[in-house]
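Structure data (CSV, C-alpha atoms) from model.csv:
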```
chain,number,residue,atom,x,y,z
A,1,MET,CA,-6.5,15.3,10.0
A,2,GLN,CA,-4.0,18.1,10.4
A,3,GLY,CA,-0.9,17.6,8.5
A,4,MET,CA,-2.5,15.2,6.0
A,5,THR,CA,-3.8,15.8,2.5
A,6,GLN,CA,-5.5,13.4,0.1
A,7,ASN,CA,-4.8,13.2,-3.6
A,8,ALA,CA,-7.2,15.4,-5.5
A,9,GLY,CA,-8.6,15.4,-9.0
A,10,THR,CA,-10.4,12.8,-11.0
A,11,ASP,CA,-8.1,12.4,-14.0
A,12,ARG,CA,-5.8,9.5,-13.1
A,13,SER,CA,-4.5,9.0,-16.6
A,14,LEU,CA,-0.7,8.5,-17.0
A,15,LYS,CA,-0.7,9.0,-20.8
A,16,ASN,CA,1.1,12.3,-20.4
A,17,PHE,CA,3.6,11.1,-17.8
A,18,ALA,CA,6.9,12.7,-18.6
A,19,GLY,CA,10.4,11.2,-18.3
A,20,ASN,CA,11.2,7.6,-17.6
A,21,LEU,CA,10.4,5.3,-14.7
A,22,VAL,CA,12.6,2.7,-13.2
A,23,LEU,CA,11.0,0.1,-11.0
A,24,VAL,CA,13.4,-1.9,-8.8
A,25,GLY,CA,11.6,-5.0,-7.5
A,26,ALA,CA,8.5,-6.3,-9.2
A,27,GLY,CA,7.1,-8.7,-6.7
A,28,LYS,CA,3.5,-8.7,-5.6
A,29,MET,CA,3.3,-5.1,-4.7
A,30,GLY,CA,5.7,-3.8,-7.3
A,31,GLY,CA,4.0,-5.9,-9.9
A,32,ALA,CA,0.5,-4.6,-8.9
A,33,MET,CA,1.7,-1.0,-9.2
A,34,LEU,CA,3.2,-1.7,-12.6
A,35,GLU,CA,0.0,-3.2,-13.9
A,36,GLY,CA,-1.9,-0.2,-12.5
A,37,TRP,CA,0.4,2.2,-14.3
A,38,LEU,CA,0.1,0.5,-17.6
A,39,ALA,CA,-3.7,0.2,-17.2
A,40,LEU,CA,-3.9,4.0,-16.8
A,41,GLY,CA,-2.0,4.6,-20.0
A,42,LEU,CA,1.7,4.9,-19.0
A,43,ASP,CA,3.8,4.4,-22.1
A,44,PRO,CA,5.5,1.0,-21.7
A,45,ALA,CA,8.5,2.3,-23.5
A,46,LYS,CA,9.1,4.7,-20.5
A,47,VAL,CA,9.2,1.8,-18.0
A,48,PHE,CA,12.3,-0.1,-17.0
A,49,VAL,CA,12.1,-3.0,-14.5
A,50,ILE,CA,15.1,-4.3,-12.5
A,51,ASP,CA,14.4,-7.6,-10.9
A,52,PRO,CA,16.7,-10.6,-10.9
A,53,GLN,CA,13.8,-13.1,-10.8
A,54,PRO,CA,10.8,-11.4,-12.4
A,55,ALA,CA,7.5,-13.3,-12.2
A,56,ASP,CA,6.2,-14.7,-15.5
A,57,ALA,CA,3.6,-12.0,-15.7
A,58,VAL,CA,6.2,-9.2,-15.4
A,59,ALA,CA,8.6,-10.9,-17.8
A,60,ALA,CA,5.7,-11.1,-20.3
A,61,LEU,CA,5.3,-7.3,-20.2
A,62,ALA,CA,8.4,-7.1,-22.4
A,63,ALA,CA,6.1,-8.0,-25.3
A,64,ARG,CA,4.1,-4.8,-24.6
A,65,GLY,CA,7.3,-2.7,-24.6
A,66,VAL,CA,8.4,-2.7,-21.0
A,67,THR,CA,12.1,-3.1,-20.7
A,68,VAL,CA,12.9,-5.9,-18.2
A,69,ASN,CA,16.4,-6.0,-16.7
A,70,PRO,CA,18.0,-3.6,-19.2
A,71,ALA,CA,21.7,-4.0,-19.8
A,72,THR,CA,22.0,-0.3,-19.5
A,73,PRO,CA,19.2,1.3,-17.4
A,74,PRO,CA,18.4,5.0,-18.2
A,75,THR,CA,20.7,7.4,-16.3
A,76,PRO,CA,19.4,9.4,-14.7
A,77,ALA,CA,15.9,8.1,-14.0
A,78,SER,CA,13.1,10.6,-13.7
A,79,VAL,CA,11.3,8.5,-11.1
A,80,LEU,CA,13.0,5.6,-9.3
A,81,VAL,CA,10.6,3.3,-7.4
A,82,LEU,CA,12.1,0.9,-4.8
A,83,ALA,CA,9.9,-2.1,-4.2
A,84,VAL,CA,12.4,-4.7,-3.0
A,85,LYS,CA,12.2,-6.5,0.3
A,86,PRO,CA,13.7,-4.4,3.1
A,87,GLN,CA,16.2,-7.0,4.1
A,88,VAL,CA,17.9,-6.9,0.8
A,89,ALA,CA,17.9,-3.1,0.6
A,90,PRO,CA,21.5,-2.7,1.9
A,91,HIS,CA,22.8,-4.9,-0.9
A,92,VAL,CA,20.7,-3.3,-3.6
A,93,MET,CA,21.1,0.4,-2.8
A,94,PRO,CA,24.8,0.9,-3.7
A,95,GLY,CA,24.1,-0.2,-7.3
A,96,LEU,CA,21.3,2.4,-7.7
A,97,ALA,CA,23.4,5.5,-7.2
A,98,PRO,CA,24.2,5.9,-10.9
A,99,LEU,CA,20.5,6.0,-11.7
A,100,VAL,CA,20.0,9.1,-9.5
A,101,GLY,CA,20.5,12.5,-10.9
A,102,PRO,CA,19.8,16.0,-9.6
A,103,ASP,CA,16.2,15.9,-10.9
A,104,THR,CA,15.4,12.3,-9.9
A,105,VAL,CA,12.8,11.5,-7.3
A,106,VAL,CA,13.1,8.2,-5.4
A,107,ALA,CA,9.9,6.7,-4.1
A,108,SER,CA,10.3,3.7,-1.7
A,109,ILE,CA,7.6,1.3,-0.5
A,110,MET,CA,10.1,-0.7,1.5
A,111,ALA,CA,8.6,-1.4,5.0
A,112,GLY,CA,10.7,0.0,7.8
A,113,LYS,CA,13.2,1.8,5.7
A,114,THR,CA,13.2,5.4,6.8
A,115,LEU,CA,13.9,8.6,4.8
A,116,ALA,CA,17.2,8.8,6.8
A,117,PHE,CA,18.1,5.3,5.4
A,118,LEU,CA,17.3,6.4,1.9
A,119,GLU,CA,19.2,9.7,2.2
A,120,GLY,CA,22.3,7.8,3.6
A,121,ALA,CA,22.3,5.3,0.8
A,122,LEU,CA,21.7,7.7,-2.1
A,123,PRO,CA,23.6,10.7,-3.4
A,124,SER,CA,23.5,13.8,-1.2
A,125,GLY,CA,20.4,16.0,-1.8
A,126,THR,CA,18.3,13.2,-3.4
A,127,ALA,CA,14.6,13.9,-3.4
A,128,ALA,CA,13.1,10.9,-1.6
A,129,ILE,CA,9.6,9.8,-0.7
A,130,ARG,CA,8.7,7.0,1.7
A,131,ALA,CA,5.3,5.4,1.0
A,132,MET,CA,3.3,2.6,2.7
A,133,PRO,CA,0.8,0.9,0.4
A,134,ASN,CA,-1.3,-2.2,1.2
A,135,THR,CA,-2.3,-5.3,-0.7
A,136,PRO,CA,-5.7,-4.2,-2.0
A,137,ALA,CA,-3.6,-2.2,-4.4
A,138,ALA,CA,-3.6,-5.4,-6.5
A,139,ILE,CA,-7.3,-4.7,-7.4
A,140,GLY,CA,-7.0,-0.9,-7.5
A,141,ARG,CA,-8.6,-0.5,-4.0
A,142,GLY,CA,-5.5,0.1,-1.9
A,143,ILE,CA,-4.6,3.0,0.2
A,144,THR,CA,-1.1,4.5,0.4
A,145,VAL,CA,0.3,7.0,2.8
A,146,ALA,CA,3.4,8.9,1.7
A,147,VAL,CA,5.9,11.3,3.3
A,148,PRO,CA,8.5,13.4,1.4
A,149,ASN,CA,11.9,14.6,2.5
A,150,ASP,CA,12.8,18.3,2.3
A,151,HIS,CA,14.3,17.9,-1.2
A,152,VAL,CA,11.1,16.9,-3.0
A,153,THR,CA,9.6,19.6,-5.2
A,154,ASP,CA,5.9,20.2,-5.9
A,155,ALA,CA,6.3,18.7,-9.4
A,156,GLN,CA,8.1,15.6,-8.1
A,157,ARG,CA,5.4,15.1,-5.4
A,158,SER,CA,2.7,15.4,-8.0
A,159,ALA,CA,4.4,12.9,-10.3
A,160,VAL,CA,4.7,10.3,-7.5
A,161,ASP,CA,1.1,11.0,-6.3
A,162,ARG,CA,-0.1,10.1,-9.8
A,163,LEU,CA,1.8,6.9,-9.8
A,164,LEU,CA,0.7,5.9,-6.3
A,165,ALA,CA,-2.9,6.8,-7.1
A,166,ALA,CA,-2.9,4.1,-9.8
A,167,THR,CA,-3.6,1.5,-7.1
A,168,GLY,CA,-6.1,3.5,-5.0
A,169,THR,CA,-6.3,6.4,-2.6
A,170,VAL,CA,-3.2,8.4,-1.6
A,171,GLU,CA,-2.7,10.3,1.6
A,172,TRP,CA,0.3,12.6,2.4
A,173,VAL,CA,1.7,13.3,5.9
A,174,ASP,CA,4.4,15.7,7.0
A,175,ASP,CA,5.5,13.6,10.1
A,176,GLU,CA,7.4,10.5,9.2
A,177,ALA,CA,6.8,9.1,12.7
A,178,LEU,CA,3.2,8.5,11.7
A,179,ILE,CA,4.3,5.8,9.2
A,180,ASP,CA,4.7,3.2,12.0
A,181,ALA,CA,1.0,3.6,12.9
A,182,VAL,CA,0.0,3.7,9.3
A,183,THR,CA,1.8,0.4,8.8
A,184,ALA,CA,0.0,-1.1,11.7
A,185,VAL,CA,-3.5,0.1,10.6
A,186,SER,CA,-3.6,0.0,6.8
A,187,GLY,CA,-0.4,-1.8,5.8
A,188,SER,CA,-1.1,-4.8,8.0
A,189,GLY,CA,-4.8,-4.2,8.2
A,190,PRO,CA,-6.0,-6.4,5.4
A,191,ALA,CA,-4.6,-9.4,7.3
A,192,TYR,CA,-6.9,-8.5,10.2
A,193,VAL,CA,-9.9,-8.4,7.9
A,194,PHE,CA,-8.9,-11.8,6.4
A,195,LEU,CA,-8.6,-13.2,10.0
A,196,LEU,CA,-12.1,-11.8,10.7
A,197,ALA,CA,-13.4,-13.8,7.8
A,198,GLU,CA,-11.6,-16.9,9.0
A,199,SER,CA,-12.9,-16.5,12.5
A,200,LEU,CA,-16.4,-15.8,11.4
A,201,ALA,CA,-16.4,-19.0,9.3
A,202,ALA,CA,-15.0,-21.0,12.2
A,203,ALA,CA,-17.7,-19.6,14.5
A,204,GLY,CA,-20.3,-20.6,11.9
A,205,ARG,CA,-19.0,-24.2,11.8
A,206,ALA,CA,-19.1,-24.3,15.6
A,207,ALA,CA,-22.7,-23.2,15.5
A,208,GLY,CA,-23.5,-26.2,13.3
A,209,LEU,CA,-23.2,-24.8,9.7
A,210,PRO,CA,-21.7,-27.1,7.1
A,211,PRO,CA,-18.1,-26.0,6.5
A,212,ALA,CA,-18.6,-24.9,2.9
A,213,LEU,CA,-21.7,-22.8,3.7
A,214,ALA,CA,-19.9,-21.2,6.7
A,215,GLU,CA,-17.0,-20.2,4.5
A,216,THR,CA,-19.3,-18.8,1.8
A,217,LEU,CA,-21.4,-16.8,4.3
A,218,ALA,CA,-18.3,-15.4,6.1
A,219,ARG,CA,-16.6,-14.3,2.8
A,220,ALA,CA,-19.7,-12.8,1.3
A,221,THR,CA,-20.5,-11.0,4.5
A,222,VAL,CA,-17.1,-9.5,5.0
A,223,ALA,CA,-16.8,-8.5,1.3
A,224,GLY,CA,-20.3,-7.1,1.2
A,225,ALA,CA,-20.0,-5.1,4.4
A,226,GLY,CA,-16.7,-3.7,3.1
A,227,GLU,CA,-18.2,-2.7,-0.2
A,228,LEU,CA,-21.1,-1.0,1.7
A,229,LEU,CA,-18.6,0.8,3.9
A,230,HIS,CA,-16.7,1.9,0.7
A,231,ARG,CA,-19.8,3.2,-1.0
A,232,SER,CA,-21.6,4.8,1.9
A,233,PRO,CA,-20.8,8.3,3.1
A,234,LEU,CA,-22.0,7.3,6.6
A,235,PRO,CA,-19.5,6.7,9.4
A,236,ALA,CA,-18.8,3.0,10.3
A,237,ALA,CA,-20.5,3.5,13.7
A,238,THR,CA,-23.7,4.7,12.0
A,239,LEU,CA,-23.7,1.7,9.6
A,240,ARG,CA,-23.2,-0.6,12.6
A,241,GLN,CA,-26.1,1.1,14.5
A,242,ASN,CA,-28.3,0.8,11.4
A,243,VAL,CA,-28.2,-3.0,11.4
A,244,THR,CA,-28.6,-3.3,15.2
A,245,SER,CA,-32.1,-3.6,16.4
A,246,PRO,CA,-32.7,-3.1,20.1
A,247,ASN,CA,-32.6,-6.4,22.0
A,248,GLY,CA,-32.1,-8.2,18.7
A,249,THR,CA,-29.6,-10.9,17.6
A,250,THR,CA,-27.0,-8.4,16.4
A,251,ALA,CA,-27.3,-6.5,19.7
A,252,ALA,CA,-26.6,-9.7,21.6
A,253,ALA,CA,-23.5,-10.4,19.6
A,254,LEU,CA,-22.2,-6.8,19.8
A,255,ALA,CA,-22.6,-6.9,23.6
A,256,VAL,CA,-19.8,-9.5,23.6
A,257,LEU,CA,-17.7,-7.8,20.9
A,258,MET,CA,-18.0,-4.4,22.6
A,259,ALA,CA,-17.4,-5.5,26.1
A,260,PRO,CA,-14.5,-3.9,28.0
A,261,ASP,CA,-12.3,-6.9,27.1
A,262,GLY,CA,-13.8,-7.2,23.6
A,263,LEU,CA,-12.7,-6.3,20.1
A,264,ASP,CA,-11.7,-2.7,20.7
A,265,PRO,CA,-8.9,-3.3,23.3
A,266,LEU,CA,-7.8,-6.4,21.4
A,267,LEU,CA,-7.3,-4.5,18.1
A,268,ARG,CA,-5.6,-1.6,20.0
A,269,ARG,CA,-3.1,-4.1,21.3
A,270,ALA,CA,-2.6,-5.6,17.9
A,271,VAL,CA,-2.0,-2.2,16.3
A,272,GLU,CA,0.4,-1.3,19.1
A,273,ALA,CA,2.3,-4.5,18.5
A,274,ALA,CA,2.5,-3.9,14.8
A,275,ALA,CA,3.6,-0.3,15.2
A,276,ALA,CA,6.3,-1.4,17.7
A,277,ARG,CA,7.6,-3.9,15.2
A,278,SER,CA,7.7,-1.3,12.5
A,279,ARG,CA,9.9,0.9,14.7
A,280,GLU,CA,12.2,-2.1,15.4
A,281,LEU,CA,12.6,-2.8,11.7
A,282,ALA,CA,13.5,0.9,11.2
A,283,GLY,CA,16.3,0.5,13.7
```

As structure tokens, how would this structure be written, given the file I've shared?
Amino acid sequence: MQGMTQNAGTDRSLKNFAGNLVLVGAGKMGGAMLEGWLALGLDPAKVFVIDPQPADAVAALAARGVTVNPATPPTPASVLVLAVKPQVAPHVMPGLAPLVGPDTVVASIMAGKTLAFLEGALPSGTAAIRAMPNTPAAIGRGITVAVPNDHVTDAQRSAVDRLLAATGTVEWVDDEALIDAVTAVSGSGPAYVFLLAESLAAAGRAAGLPPALAETLARATVAGAGELLHRSPLPAATLRQNVTSPNGTTAAALAVLMAPDGLDPLLRRAVEAAAARSRELAG
């Protein structure tokens, strides 16, 4: 895709990560990123977490050398990662200005908070990156799309890329307007897949399967198909065609799902609704 680049290289180690890292907000996504960083060798002594109510798992990282809620955070931070809920951002941002120096790069995963918002809330000229991860980051299988502002240097972009890659694939775009569609496809997308598993199980029950068996079959099928899609170099359409015999049972089901009023237009409307909501949250 034009204007998009993927993270390259096979060495994901963070053992040689320079400087310090301040993580503001260590909820599900922030916590998952933190676990990924440490698993890839990031020195815990370089990590500072600011969270008024850290989860037990995050608080326990203090025993490994992570500083949780330091009385005096490092100033300036080398990398400042913002992972708080977007609705509390206006209250949190004013207190972060002292952490930002001329060489600091700020990476935000706050949904709906634009680069313009970050630039308006941080010191003038701050290097800022807006990123949209998704929940499979918790198992290292996420995908994140990021967009930098004009102040981000190549070295800063590389540093943030390495951090984001700790939880999965990273894609970079030049046009921030794409982030709304990214949010609708990959940010919210895992929920669509979970709903598919729910609906498939419900359909199995309606067809006469015992509830427990219907649930097991639906979960295993969605998970297995997803793993096959992950491992195979073939397009999704080809994989679909490979399991569809002419005039067979799969073909009968797909005739319903691929009808003019079937899955494709339904998902299109769902993605459009999510993207519109993302734009509303951005103001």

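In terms of minimum interatomic distance to Pro86 (chain A), A:Phe117 ranks closest within A:Trp172, A:Phe48, A:Phe117, A:Trp37, counting all atoms listed in the file.
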
My list of candidates is A:Thr183, A:Thr238, A:Ser232, A:Asn247. Which is closest to Val271 (chain A) when distances are computed with only C-alpha atoms? A:Thr183

Provide the CA of Pro133 (chain A) to CA of Ala26 (chain A) distance in Å, to one decimal place. 14.3 Å

Which neighbours of Val49 (chain A) fall inside 6 Å, counting all atoms listed in the file, when residues of the same chain fewer than 6 positions from it are skipped, and could you give them as number ranges by chain? A: 22-24, 68-69

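With distances restricted to only C-alpha atoms, A:Ala276 is the closest residue to Ala181 (chain A) from A:Leu217, A:Leu281, A:Ala276, A:Ala128.
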
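By only C-alpha atoms, and with residues fewer than 5 positions from Phe194 (chain A) along its chain excluded, the set lying at most 10 Å from it is Gly189, Ser199, Leu200, Arg219, Val222 and Ala223 of chain A.
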
Got time to write the residues from that selection, C-alpha atoms, as a PDB file, keeping the file's coordinate frame?
```
ATOM      1  CA  GLY A 189      -4.800  -4.200   8.200  1.00  0.00           C
ATOM      2  CA  SER A 199     -12.900 -16.500  12.500  1.00  0.00           C
ATOM      3  CA  LEU A 200     -16.400 -15.800  11.400  1.00  0.00           C
ATOM      4  CA  ARG A 219     -16.600 -14.300   2.800  1.00  0.00           C
ATOM      5  CA  VAL A 222     -17.100  -9.500   5.000  1.00  0.00           C
ATOM      6  CA  ALA A 223     -16.800  -8.500   1.300  1.00  0.00           C
TER       7      ALA A 223
END
```

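In this comparison, which uses all atoms listed in the file, the residue of A:Leu14, A:Ile139, A:Leu234, A:Ala89 approaching Met29 (chain A) most closely is A:Ile139.
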
Interatomic distance (Å, one decimal) between CA of Ala146 (chain A) and CA of Leu99 (chain A): 21.9 Å

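Nearest to Ser278 (chain A) of all the residues A:Arg231, A:His91, A:Lys113, A:Arg12 is A:Lys113, counting only C-alpha atoms.
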
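Distance check against Ser78 (chain A) using all atoms listed in the file: of A:Gly19, A:Pro44, A:Pro102, A:Gly30, the minimum falls on A:Gly19.
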
Just how far from CA of Met93 (chain A) is CA of Thr72 (chain A), in Å to one decimal? 16.7 Å
